[in-house]
$ cat query.txt   # compact mmCIF, C-alpha atoms
# COMPACT_ATOMS: atom_id res chain seq x y z
CA MET M 893 -8.52 -27.44 -53.58
CA CYS M 894 -10.02 -28.12 -56.99
CA GLU M 895 -9.49 -25.05 -59.13
CA ALA M 896 -12.97 -25.15 -60.65
CA SER M 897 -14.53 -24.70 -57.23
CA ILE M 898 -12.95 -21.29 -56.68
CA MET M 899 -15.39 -18.44 -57.10
CA ARG M 900 -14.35 -14.98 -58.18
CA VAL M 901 -17.39 -12.77 -58.07
CA ALA M 902 -17.88 -9.02 -58.02
CA PHE M 903 -21.05 -7.17 -57.11
CA VAL M 904 -21.90 -4.19 -59.31
CA GLY M 905 -24.95 -1.98 -59.75
CA LYS M 906 -26.30 1.47 -59.18
CA GLY M 907 -25.38 3.26 -55.96
CA GLY M 908 -27.70 2.22 -53.16
CA ALA M 909 -28.89 -0.95 -54.88
CA GLY M 910 -27.61 -3.04 -51.98
CA LYS M 911 -24.25 -4.31 -53.26
CA SER M 912 -22.41 -4.10 -49.94
CA ALA M 913 -25.13 -5.70 -47.85
CA ILE M 914 -25.45 -8.62 -50.25
CA ALA M 915 -21.69 -8.96 -50.87
CA GLY M 916 -20.88 -9.03 -47.14
CA THR M 917 -23.56 -11.62 -46.44
CA PHE M 918 -22.49 -13.67 -49.46
CA ALA M 919 -18.84 -13.70 -48.35
CA ARG M 920 -19.66 -14.90 -44.84
CA LEU M 921 -22.09 -17.58 -45.98
CA LEU M 922 -19.48 -18.83 -48.44
CA ALA M 923 -16.87 -18.91 -45.66
CA ARG M 924 -19.22 -20.95 -43.47
CA ARG M 925 -18.88 -23.72 -46.02
CA GLY M 926 -15.36 -24.09 -44.74
CA GLN M 927 -13.41 -22.48 -47.53
CA PRO M 928 -11.14 -19.44 -47.41
CA VAL M 929 -12.76 -16.23 -48.61
CA LEU M 930 -11.21 -12.86 -49.35
CA ALA M 931 -13.66 -9.96 -49.47
CA ILE M 932 -12.49 -6.93 -51.43
CA ASP M 933 -13.94 -3.44 -51.16
CA SER M 934 -12.75 -1.17 -53.95
CA ASP M 935 -15.12 1.68 -53.20
CA PRO M 936 -13.47 4.84 -51.82
CA LEU M 937 -16.78 5.41 -50.03
CA PRO M 938 -16.75 1.96 -48.51
CA GLY M 939 -19.56 -0.03 -46.95
CA LEU M 940 -18.52 -3.66 -47.07
CA ALA M 941 -16.78 -3.70 -43.68
CA PHE M 942 -20.03 -3.06 -41.81
CA SER M 943 -21.95 -5.66 -43.80
CA LEU M 944 -19.27 -8.20 -42.90
CA GLY M 945 -19.63 -7.36 -39.23
CA LEU M 946 -16.44 -5.38 -38.69
CA ASP M 947 -16.73 -2.31 -36.52
CA ARG M 948 -14.43 -0.03 -38.47
CA ASP M 949 -14.61 0.89 -42.12
CA ASP M 950 -11.14 2.23 -42.62
CA ALA M 951 -8.42 -0.39 -43.11
CA PRO M 952 -5.88 0.81 -45.66
CA LEU M 953 -2.57 -1.00 -46.12
CA PRO M 954 -0.01 0.19 -43.57
CA ASP M 955 2.98 2.18 -44.71
CA GLU M 956 5.38 -0.62 -43.84
CA ALA M 957 3.86 -2.84 -46.58
CA ILE M 958 4.63 -0.31 -49.29
CA GLU M 959 7.75 1.12 -50.84
CA ASP M 960 8.59 3.58 -53.61
CA ARG M 961 9.28 1.86 -56.89
CA PRO M 962 12.91 2.36 -57.93
CA GLU M 963 13.21 4.95 -60.68
CA ASP M 964 14.69 2.50 -63.16
CA GLU M 965 11.73 0.13 -62.81
CA GLU M 966 8.61 0.37 -64.99
CA GLY M 967 5.24 0.65 -63.33
CA PRO M 968 3.23 2.64 -60.81
CA ARG M 969 5.00 4.84 -58.28
CA TYR M 970 4.53 2.51 -55.32
CA ARG M 971 4.67 -1.24 -54.91
CA LEU M 972 4.60 -3.92 -52.26
CA ARG M 973 7.81 -3.91 -50.30
CA ALA M 974 10.44 -6.24 -51.77
CA GLY M 975 9.99 -9.83 -50.68
CA LEU M 976 6.30 -9.40 -49.85
CA SER M 977 4.01 -11.28 -52.24
CA ALA M 978 0.33 -10.44 -52.74
CA ALA M 979 -0.61 -13.53 -50.72
CA ASP M 980 1.78 -12.51 -47.91
CA ALA M 981 0.22 -9.05 -47.86
CA VAL M 982 -3.26 -10.54 -47.42
CA ASP M 983 -2.04 -12.93 -44.71
CA ARG M 984 -0.41 -10.12 -42.78
CA TYR M 985 -2.52 -7.06 -43.38
CA ALA M 986 -6.06 -8.05 -44.38
CA ALA M 987 -8.53 -7.64 -41.53
CA THR M 988 -10.28 -10.78 -40.26
CA ALA M 989 -14.06 -10.56 -40.20
CA PRO M 990 -16.51 -12.97 -38.55
CA ASP M 991 -16.63 -16.51 -39.99
CA GLY M 992 -12.95 -16.09 -40.89
CA VAL M 993 -13.52 -13.88 -43.95
CA ARG M 994 -10.38 -11.92 -44.76
CA PHE M 995 -11.04 -8.35 -45.79
CA LEU M 996 -9.01 -6.07 -48.00
CA GLN M 997 -9.93 -2.47 -48.61
CA PHE M 998 -9.00 0.00 -51.31
CA GLY M 999 -8.65 2.82 -48.79
CA LYS M 1000 -11.18 5.33 -47.68
CA ILE M 1001 -11.26 8.93 -48.81
CA ARG M 1002 -9.54 10.56 -45.91
CA THR M 1003 -7.56 13.62 -45.00
CA ASP M 1004 -4.10 12.58 -46.13
CA PRO M 1005 -4.22 11.95 -49.88
CA ARG M 1006 -0.67 10.65 -50.02
CA THR M 1007 -1.40 7.76 -47.64
CA LEU M 1008 -4.52 6.94 -49.59
CA PHE M 1009 -2.73 7.01 -52.93
CA ARG M 1010 0.02 4.66 -51.74
CA SER M 1011 -2.53 2.27 -50.32
CA GLN M 1012 -4.69 2.32 -53.46
CA ILE M 1013 -1.86 1.69 -55.90
CA THR M 1014 -0.59 -1.19 -53.83
CA PHE M 1015 -4.11 -2.57 -53.36
CA ARG M 1016 -4.36 -2.76 -57.11
CA GLN M 1017 -1.07 -4.64 -57.35
CA ILE M 1018 -2.31 -7.13 -54.76
CA ILE M 1019 -5.57 -7.93 -56.52
CA LYS M 1020 -3.73 -8.34 -59.82
CA GLU M 1021 -1.18 -10.72 -58.34
CA LEU M 1022 -3.36 -12.81 -56.03
CA PRO M 1023 -2.84 -16.56 -56.43
CA GLU M 1024 -5.59 -18.22 -58.47
CA ASP M 1025 -6.59 -20.93 -56.05
CA ARG M 1026 -6.04 -19.67 -52.55
CA TRP M 1027 -9.23 -17.75 -51.76
CA HIS M 1028 -12.68 -17.33 -53.12
CA LEU M 1029 -12.86 -13.65 -54.05
CA VAL M 1030 -15.96 -11.61 -53.31
CA GLY M 1031 -15.74 -8.02 -54.46
CA ASP M 1032 -17.80 -4.94 -53.80
CA LEU M 1033 -17.27 -2.39 -56.58
CA PRO M 1034 -18.14 1.32 -56.56
CA GLY M 1035 -21.65 2.17 -57.64
CA GLY M 1036 -22.43 3.05 -61.22
CA THR M 1037 -21.05 1.95 -64.53
CA ARG M 1038 -17.67 3.56 -64.76
CA GLN M 1039 -15.19 0.91 -63.75
CA ALA M 1040 -17.16 -2.27 -63.42
CA PHE M 1041 -15.51 -4.61 -65.86
CA THR M 1042 -11.95 -3.41 -66.03
CA GLY M 1043 -9.51 -1.89 -63.60
CA TRP M 1044 -10.56 -2.63 -60.05
CA GLY M 1045 -12.97 -5.40 -61.01
CA GLY M 1046 -10.63 -7.23 -63.37
CA TYR M 1047 -10.22 -10.25 -61.06
CA ALA M 1048 -13.85 -11.33 -61.33
CA GLU M 1049 -15.17 -13.97 -63.66
CA THR M 1050 -18.78 -13.68 -62.53
CA TYR M 1051 -20.43 -10.28 -62.13
CA LEU M 1052 -23.58 -10.04 -60.10
CA VAL M 1053 -25.56 -6.94 -60.99
CA VAL M 1054 -27.66 -5.92 -58.01
CA VAL M 1055 -30.88 -4.36 -59.31
CA GLU M 1056 -33.79 -2.75 -57.55
CA PRO M 1057 -37.11 -2.86 -59.38
CA MET M 1058 -36.95 0.92 -59.94
CA ALA M 1059 -36.44 2.91 -63.12
CA LYS M 1060 -32.93 4.26 -62.48
CA SER M 1061 -31.62 0.97 -61.15
CA LEU M 1062 -33.07 -0.95 -64.11
CA LEU M 1063 -31.54 1.47 -66.59
CA SER M 1064 -28.15 1.18 -64.84
CA ALA M 1065 -28.41 -2.62 -65.01
CA ARG M 1066 -29.08 -2.47 -68.73
CA ARG M 1067 -26.01 -0.27 -69.21
CA LEU M 1068 -23.87 -2.64 -67.14
CA ALA M 1069 -25.08 -5.63 -69.15
CA ARG M 1070 -24.17 -3.80 -72.36
CA LEU M 1071 -20.72 -2.80 -71.05
CA ALA M 1072 -20.00 -6.39 -69.98
CA LEU M 1073 -20.70 -7.68 -73.47
CA ALA M 1074 -18.57 -4.94 -75.02
CA GLY M 1075 -15.53 -5.90 -72.93
CA ASP M 1076 -12.59 -7.82 -74.31
CA ARG M 1077 -12.66 -10.76 -71.94
CA PRO M 1078 -15.36 -13.35 -71.40
CA VAL M 1079 -17.33 -12.81 -68.22
CA ARG M 1080 -20.55 -14.17 -66.85
CA VAL M 1081 -23.07 -11.48 -65.92
CA LEU M 1082 -26.10 -12.34 -63.81
CA ALA M 1083 -28.69 -10.25 -62.02
CA VAL M 1084 -29.71 -10.25 -58.37
CA ALA M 1085 -33.12 -8.63 -57.93
CA ASN M 1086 -33.01 -6.75 -54.62
CA LYS M 1087 -35.66 -5.09 -52.43
CA VAL M 1088 -38.30 -7.12 -54.21
CA SER M 1089 -41.83 -6.49 -52.94
CA GLU M 1090 -44.24 -7.27 -55.77
CA PRO M 1091 -44.83 -10.67 -57.43
CA GLY M 1092 -43.70 -9.40 -60.84
CA ASP M 1093 -40.51 -7.65 -59.66
CA ALA M 1094 -37.97 -10.36 -60.55
CA GLU M 1095 -39.59 -10.76 -63.95
CA LEU M 1096 -39.40 -6.98 -64.46
CA VAL M 1097 -35.68 -7.02 -63.61
CA ALA M 1098 -35.06 -9.88 -66.05
CA ARG M 1099 -36.99 -8.20 -68.84
CA ARG M 1100 -35.56 -4.71 -68.43
CA SER M 1101 -31.95 -5.69 -67.77
CA GLY M 1102 -31.85 -8.53 -70.27
CA LEU M 1103 -30.03 -10.61 -67.63
CA GLU M 1104 -30.78 -13.95 -66.02
CA VAL M 1105 -32.04 -13.33 -62.47
CA VAL M 1106 -30.32 -15.82 -60.16
CA ALA M 1107 -31.63 -14.51 -56.84
CA SER M 1108 -34.58 -12.51 -55.67
CA VAL M 1109 -33.97 -10.78 -52.35
CA PRO M 1110 -37.11 -9.53 -50.60
CA LEU M 1111 -37.52 -6.04 -49.19
CA GLU M 1112 -37.56 -6.38 -45.40
CA PRO M 1113 -37.60 -3.51 -42.88
CA ALA M 1114 -35.53 -5.47 -40.34
CA PHE M 1115 -32.78 -5.99 -42.91
CA ALA M 1116 -32.78 -2.26 -43.72
CA ASP M 1117 -32.64 -1.46 -39.98
CA ALA M 1118 -29.50 -3.59 -39.62
CA GLU M 1119 -27.85 -1.58 -42.37
CA ARG M 1120 -28.95 1.69 -40.86
CA SER M 1121 -27.31 0.78 -37.56
CA GLY M 1122 -24.07 -0.24 -39.31
CA ARG M 1123 -24.34 -3.91 -38.34
CA ALA M 1124 -24.10 -7.03 -40.44
CA PRO M 1125 -27.58 -8.20 -41.48
CA LEU M 1126 -26.35 -11.77 -41.01
CA ASP M 1127 -25.82 -11.08 -37.30
CA VAL M 1128 -29.02 -9.12 -36.76
CA VAL M 1129 -31.61 -10.93 -38.89
CA PRO M 1130 -30.08 -14.35 -39.66
CA ASP M 1131 -33.48 -15.95 -40.29
CA SER M 1132 -34.81 -13.31 -42.68
CA GLY M 1133 -35.95 -14.08 -46.18
CA ALA M 1134 -33.23 -11.81 -47.54
CA ILE M 1135 -30.49 -13.87 -45.87
CA GLY M 1136 -32.18 -17.01 -47.16
CA ALA M 1137 -32.12 -15.65 -50.69
CA VAL M 1138 -28.39 -14.85 -50.49
CA SER M 1139 -27.76 -18.31 -49.06
CA SER M 1140 -29.53 -19.86 -52.08
CA LEU M 1141 -27.41 -17.65 -54.33
CA VAL M 1142 -24.20 -19.03 -52.79
CA GLU M 1143 -25.46 -22.57 -53.39
CA HIS M 1144 -26.56 -21.78 -56.92
CA LEU M 1145 -23.17 -20.38 -57.91
CA ASP M 1146 -21.33 -23.17 -56.12
CA ARG M 1147 -23.23 -25.68 -58.25
CA GLN M 1148 -22.36 -23.80 -61.43
CA PRO M 1149 -18.72 -22.80 -61.12
CA LEU M 1150 -17.10 -21.14 -64.04
CA ARG M 1151 -13.70 -22.56 -64.79
CA ARG M 1152 -11.17 -19.85 -65.39
CA ALA M 1153 -9.81 -19.78 -68.89
CA PRO M 1154 -6.16 -20.84 -68.92
CA SER M 1155 -4.04 -17.71 -68.99
CA MET T 311 -27.56 30.24 -58.34
CA LYS T 312 -25.14 27.41 -59.12
CA LEU T 313 -25.76 24.26 -57.11
CA ALA T 314 -23.85 20.98 -57.12
CA VAL T 315 -25.37 17.95 -55.42
CA THR T 316 -22.96 15.26 -54.15
CA GLY T 317 -23.06 12.29 -51.79
CA LYS T 318 -22.66 8.54 -51.47
CA GLY T 319 -24.25 6.23 -54.02
CA GLY T 320 -27.93 5.68 -53.45
CA SER T 321 -28.34 8.57 -51.06
CA GLY T 322 -30.67 10.46 -53.38
CA LYS T 323 -28.47 12.90 -55.33
CA THR T 324 -30.31 12.48 -58.62
CA THR T 325 -33.79 12.70 -57.14
CA THR T 326 -32.85 15.75 -55.06
CA SER T 327 -31.28 17.48 -58.07
CA ALA T 328 -34.34 16.87 -60.22
CA VAL T 329 -36.78 18.18 -57.63
CA LEU T 330 -34.60 21.26 -57.02
CA ALA T 331 -34.38 21.96 -60.75
CA ARG T 332 -38.09 21.66 -61.40
CA THR T 333 -39.05 23.58 -58.27
CA LEU T 334 -36.78 26.48 -59.24
CA ALA T 335 -38.20 26.43 -62.75
CA ARG T 336 -41.75 26.54 -61.41
CA ARG T 337 -40.80 29.64 -59.45
CA GLY T 338 -39.99 31.32 -62.73
CA HIS T 339 -36.22 30.81 -62.97
CA ASP T 340 -34.40 29.67 -66.11
CA VAL T 341 -32.86 26.37 -65.09
CA VAL T 342 -30.20 24.20 -66.65
CA ALA T 343 -29.80 20.71 -65.15
CA LEU T 344 -26.41 19.14 -65.81
CA ASP T 345 -25.96 15.41 -65.37
CA CYS T 346 -22.27 14.94 -64.52
CA ASP T 347 -22.64 11.37 -63.24
CA SER T 348 -20.77 8.61 -65.05
CA ASN T 349 -24.03 6.66 -64.77
CA PRO T 350 -26.41 9.42 -65.88
CA ASN T 351 -29.99 8.98 -64.70
CA LEU T 352 -31.08 12.57 -64.14
CA GLY T 353 -33.41 12.41 -67.14
CA ILE T 354 -35.44 9.69 -65.43
CA SER T 355 -35.94 11.77 -62.29
CA LEU T 356 -36.76 14.93 -64.24
CA GLY T 357 -39.41 13.00 -66.14
CA VAL T 358 -38.14 12.83 -69.71
CA GLY T 359 -38.34 9.01 -69.75
CA ASP T 360 -36.02 6.09 -70.47
CA ASP T 361 -35.66 6.55 -74.20
CA GLU T 362 -34.81 10.25 -74.14
CA THR T 363 -32.40 9.72 -71.22
CA GLU T 364 -30.62 7.03 -73.20
CA ARG T 365 -30.61 9.17 -76.33
CA LEU T 366 -28.73 11.93 -74.49
CA VAL T 367 -26.30 9.39 -73.08
CA SER T 368 -25.60 7.92 -76.51
CA MET T 369 -25.03 11.43 -77.92
CA ARG T 370 -22.50 12.02 -75.17
CA GLN T 371 -20.91 8.64 -75.84
CA ALA T 372 -20.68 9.34 -79.57
CA LEU T 373 -18.47 12.28 -78.62
CA ASP T 374 -15.97 9.93 -76.95
CA GLU T 375 -16.02 7.68 -79.96
CA GLY T 376 -15.34 10.55 -82.33
CA GLU T 377 -18.71 10.26 -84.05
CA GLU T 378 -19.92 13.62 -82.76
CA GLU T 379 -18.24 17.01 -82.87
CA HIS T 380 -17.59 18.92 -79.65
CA ALA T 381 -19.75 21.99 -79.21
CA PRO T 382 -17.47 25.01 -78.95
CA ALA T 383 -19.65 27.12 -76.64
CA TRP T 384 -21.92 26.53 -73.66
CA ASP T 385 -25.11 27.45 -75.48
CA GLN T 386 -24.25 25.04 -78.27
CA VAL T 387 -23.61 22.31 -75.71
CA LEU T 388 -27.11 22.84 -74.30
CA ASP T 389 -28.55 23.02 -77.77
CA HIS T 390 -26.88 19.95 -79.19
CA PHE T 391 -26.47 17.67 -76.17
CA GLY T 392 -29.56 18.81 -74.28
CA SER T 393 -33.23 18.07 -74.07
CA ASP T 394 -36.31 19.87 -72.79
CA ALA T 395 -37.62 18.49 -69.52
CA PRO T 396 -40.94 19.36 -67.82
CA ASP T 397 -41.44 22.83 -66.28
CA GLY T 398 -39.02 24.29 -68.83
CA VAL T 399 -35.84 22.78 -67.35
CA ARG T 400 -33.12 22.26 -69.95
CA LEU T 401 -31.22 19.02 -69.31
CA ALA T 402 -27.77 18.20 -70.69
CA VAL T 403 -25.56 15.17 -70.09
CA VAL T 404 -22.01 16.42 -69.64
CA SER T 405 -20.48 13.43 -67.89
CA ARG T 406 -17.37 11.51 -68.62
CA ILE T 407 -18.58 8.08 -69.58
CA ASP T 408 -16.27 5.79 -71.36
CA ASN T 409 -12.98 5.92 -69.60
CA PRO T 410 -13.27 3.08 -67.12
CA GLU T 411 -9.76 3.55 -65.69
CA PRO T 412 -9.41 6.03 -62.86
CA GLY T 413 -7.61 9.02 -64.31
CA CYS T 414 -4.85 9.34 -61.74
CA LEU T 415 -3.39 5.86 -62.04
$ encode --input "query.txt" --output "structure tokens"
Amino acid sequence: MCEASIMRVAFVGKGGAGKSAIAGTFARLLARRGQPVLAIDSDPLPGLAFSLGLDRDDAPLPDEAIEDRPEDEEGPRYRLRAGLSAADAVDRYAATAPDGVRFLQFGKIRTDPRTLFRSQITFRQIIKELPEDRWHLVGDLPGGTRQAFTGWGGYAETYLVVVEPMAKSLLSARRLARLALAGDRPVRVLAVANKVSEPGDAELVARRSGLEVVASVPLEPAFADAERSGRAPLDVVPDSGAIGAVSSLVEHLDRQPLRRAPS
Amino acid sequence: MKLAVTGKGGSGKTTTSAVLARTLARRGHDVVALDCDSNPNLGISLGVGDDETERLVSMRQALDEGEEEHAPAWDQVLDHFGSDAPDGVRLAVVSRIDNPEPGCL
């Protein structure tokens, strides 16, 4: 596959802006174009699994994939078991969602913190060591501004800030835009206006966030109902305007790939 | 009364906190509203506006960058890093903002 055609995107934005619903739909529509897609949820309060159409939202790495790092070796306490590459780990342990999307999860906040910790540290190793050209990456990051552009989201080259046309969401988008520019690596930051209901909403998002708006997703009760019932909007309301808008977004980004800087 | 409001992103923590704070204040209580979110928006919901909300956030950020001195006591924190919101609520931003790496890793 041509390297320039690989997309590495991460959805960011205020909690509740609609990151998971849009990211899950985006990943599946991208996969329908016939290319391998890895969807990554790095939110400890996860939501991406449901938007992809999986029926469980807890898929941490199994214990057998992980081992303690030897004491004489530098690095985090746990690592992938010897001989298991990041790509192997995805092949073996990532869940498979509809349309063939592979799905990797950070690990849900759950009762046994030790299991979670092992899974999370190893998850981080996997996303750092993923091969450059094997999968399109579609990430769903935790809400807010705290870790958008470094740490868990470091694999992305294009950040899509999901913004509702509401005061708190707009302010969060402005902060995210500012943080992106302050970072030490070049990234592309674009806005997705979500739950748009008035003619001037997309314009408002562009003006207040200072970002280019590349998609405008309408507010639709049927789409919200799908989310409420924990089902993938793509399966419940495939012909909605919201799905159409995400489909156009996939096409738009596919036409304007960002070549990764040589590392 | 000391209340903490938590929940998943987008579930309405900030809005609930603001309404609780102003309702308590209207009933005659002295109320301090603390924004502990790393993406602090409580000022918007309390009604102090965009600019004042951002001013408090930049004060808090200046602390991380060493451009502001820490306040040694709680009343000085409220005084220096706080703002008056409607109904007499005193708002302060006390969040951790600028450390994007999760602390435990």
$ atom_distance --input "query.txt" --atom1 "CA of Lys1020 (chain M)" --atom2 "CA of Ala1124 (chain M)"
28.1 Å
$ interface_residues --input "query.txt" --of "chain M" --to "chain T" --cutoff "10 Å" --atoms "all atoms listed in the file" --output "ChimeraX atom specification"
/M:906-910,936-938,968-969,1009,1012-1013,1016,1034-1044,1059-1064,1067-1068,1071
$ residues_near_point --input "query.txt" --point "(-26.9, 23.0, -66.0)" --cutoff "8 Å" --atoms "only C-alpha atoms" --output "tab-separated table (two decimals) with C-alpha atoms, in the coordinates of the input"
chain	number	residue	atom	x	y	z
T	341	VAL	CA	-32.86	26.37	-65.09
T	342	VAL	CA	-30.20	24.20	-66.65
T	343	ALA	CA	-29.80	20.71	-65.15
T	344	LEU	CA	-26.41	19.14	-65.81
T	345	ASP	CA	-25.96	15.41	-65.37
T	400	ARG	CA	-33.12	22.26	-69.95
T	401	LEU	CA	-31.22	19.02	-69.31
T	402	ALA	CA	-27.77	18.20	-70.69
$ atom_distance --input "query.txt" --atom1 "CA of Asn1086 (chain M)" --atom2 "CA of Glu1049 (chain M)"
21.3 Å
$ atom_distance --input "query.txt" --atom1 "CA of Val1105 (chain M)" --atom2 "CA of Thr1050 (chain M)"
13.3 Å
$ residues_near_point --input "query.txt" --point "(-23.1, -20.6, -52.7)" --cutoff "12 Å" --atoms "all atoms listed in the file" --output "PyMOL selection string"
chain M and resi 897-901+915+917-927+929+1028+1030+1106-1107+1136-1149
$ write_last_selection --input "query.txt" --atoms "C-alpha atoms" --output "mmCIF file, in the frame of the given file"
data_model
loop_
_atom_site.group_PDB
_atom_site.id
_atom_site.type_symbol
_atom_site.label_atom_id
_atom_site.label_comp_id
_atom_site.auth_asym_id
_atom_site.auth_seq_id
_atom_site.Cartn_x
_atom_site.Cartn_y
_atom_site.Cartn_z
ATOM 1 C CA SER M 897 -14.530 -24.700 -57.230
ATOM 2 C CA ILE M 898 -12.950 -21.290 -56.680
ATOM 3 C CA MET M 899 -15.390 -18.440 -57.100
ATOM 4 C CA ARG M 900 -14.350 -14.980 -58.180
ATOM 5 C CA VAL M 901 -17.390 -12.770 -58.070
ATOM 6 C CA ALA M 915 -21.690 -8.960 -50.870
ATOM 7 C CA THR M 917 -23.560 -11.620 -46.440
ATOM 8 C CA PHE M 918 -22.490 -13.670 -49.460
ATOM 9 C CA ALA M 919 -18.840 -13.700 -48.350
ATOM 10 C CA ARG M 920 -19.660 -14.900 -44.840
ATOM 11 C CA LEU M 921 -22.090 -17.580 -45.980
ATOM 12 C CA LEU M 922 -19.480 -18.830 -48.440
ATOM 13 C CA ALA M 923 -16.870 -18.910 -45.660
ATOM 14 C CA ARG M 924 -19.220 -20.950 -43.470
ATOM 15 C CA ARG M 925 -18.880 -23.720 -46.020
ATOM 16 C CA GLY M 926 -15.360 -24.090 -44.740
ATOM 17 C CA GLN M 927 -13.410 -22.480 -47.530
ATOM 18 C CA VAL M 929 -12.760 -16.230 -48.610
ATOM 19 C CA HIS M 1028 -12.680 -17.330 -53.120
ATOM 20 C CA VAL M 1030 -15.960 -11.610 -53.310
ATOM 21 C CA VAL M 1106 -30.320 -15.820 -60.160
ATOM 22 C CA ALA M 1107 -31.630 -14.510 -56.840
ATOM 23 C CA GLY M 1136 -32.180 -17.010 -47.160
ATOM 24 C CA ALA M 1137 -32.120 -15.650 -50.690
ATOM 25 C CA VAL M 1138 -28.390 -14.850 -50.490
ATOM 26 C CA SER M 1139 -27.760 -18.310 -49.060
ATOM 27 C CA SER M 1140 -29.530 -19.860 -52.080
ATOM 28 C CA LEU M 1141 -27.410 -17.650 -54.330
ATOM 29 C CA VAL M 1142 -24.200 -19.030 -52.790
ATOM 30 C CA GLU M 1143 -25.460 -22.570 -53.390
ATOM 31 C CA HIS M 1144 -26.560 -21.780 -56.920
ATOM 32 C CA LEU M 1145 -23.170 -20.380 -57.910
ATOM 33 C CA ASP M 1146 -21.330 -23.170 -56.120
ATOM 34 C CA ARG M 1147 -23.230 -25.680 -58.250
ATOM 35 C CA GLN M 1148 -22.360 -23.800 -61.430
ATOM 36 C CA PRO M 1149 -18.720 -22.800 -61.120
#
$ closest_residue --input "query.txt" --among "T:Val403, T:Glu378, T:Arg336, T:Ser393" --to "Val358 (chain T)" --atoms "only C-alpha atoms"
T:Ser393
$ closest_residue --input "query.txt" --among "M:Asp1076, M:Asp983, M:Asp935, M:Asp947" --to "Lys1000 (chain M)" --atoms "only C-alpha atoms"
M:Asp935
$ residues_around --input "query.txt" --residues "Leu330 (chain T)" --least-positions-apart "2" --cutoff "10 Å" --atoms "only C-alpha atoms" --output "PyMOL selection string"
chain T and resi 313+315+324-328+332-336+341+343+356
$ axis_aligned_box --input "query.txt" --around "region 348-354 of chain T" --padding-each-side "5 Å" --output "JSON"
{"center_x": -28.1, "center_y": 9.6, "center_z": -65.6, "size_x": 24.7, "size_y": 15.9, "size_z": 13.0}
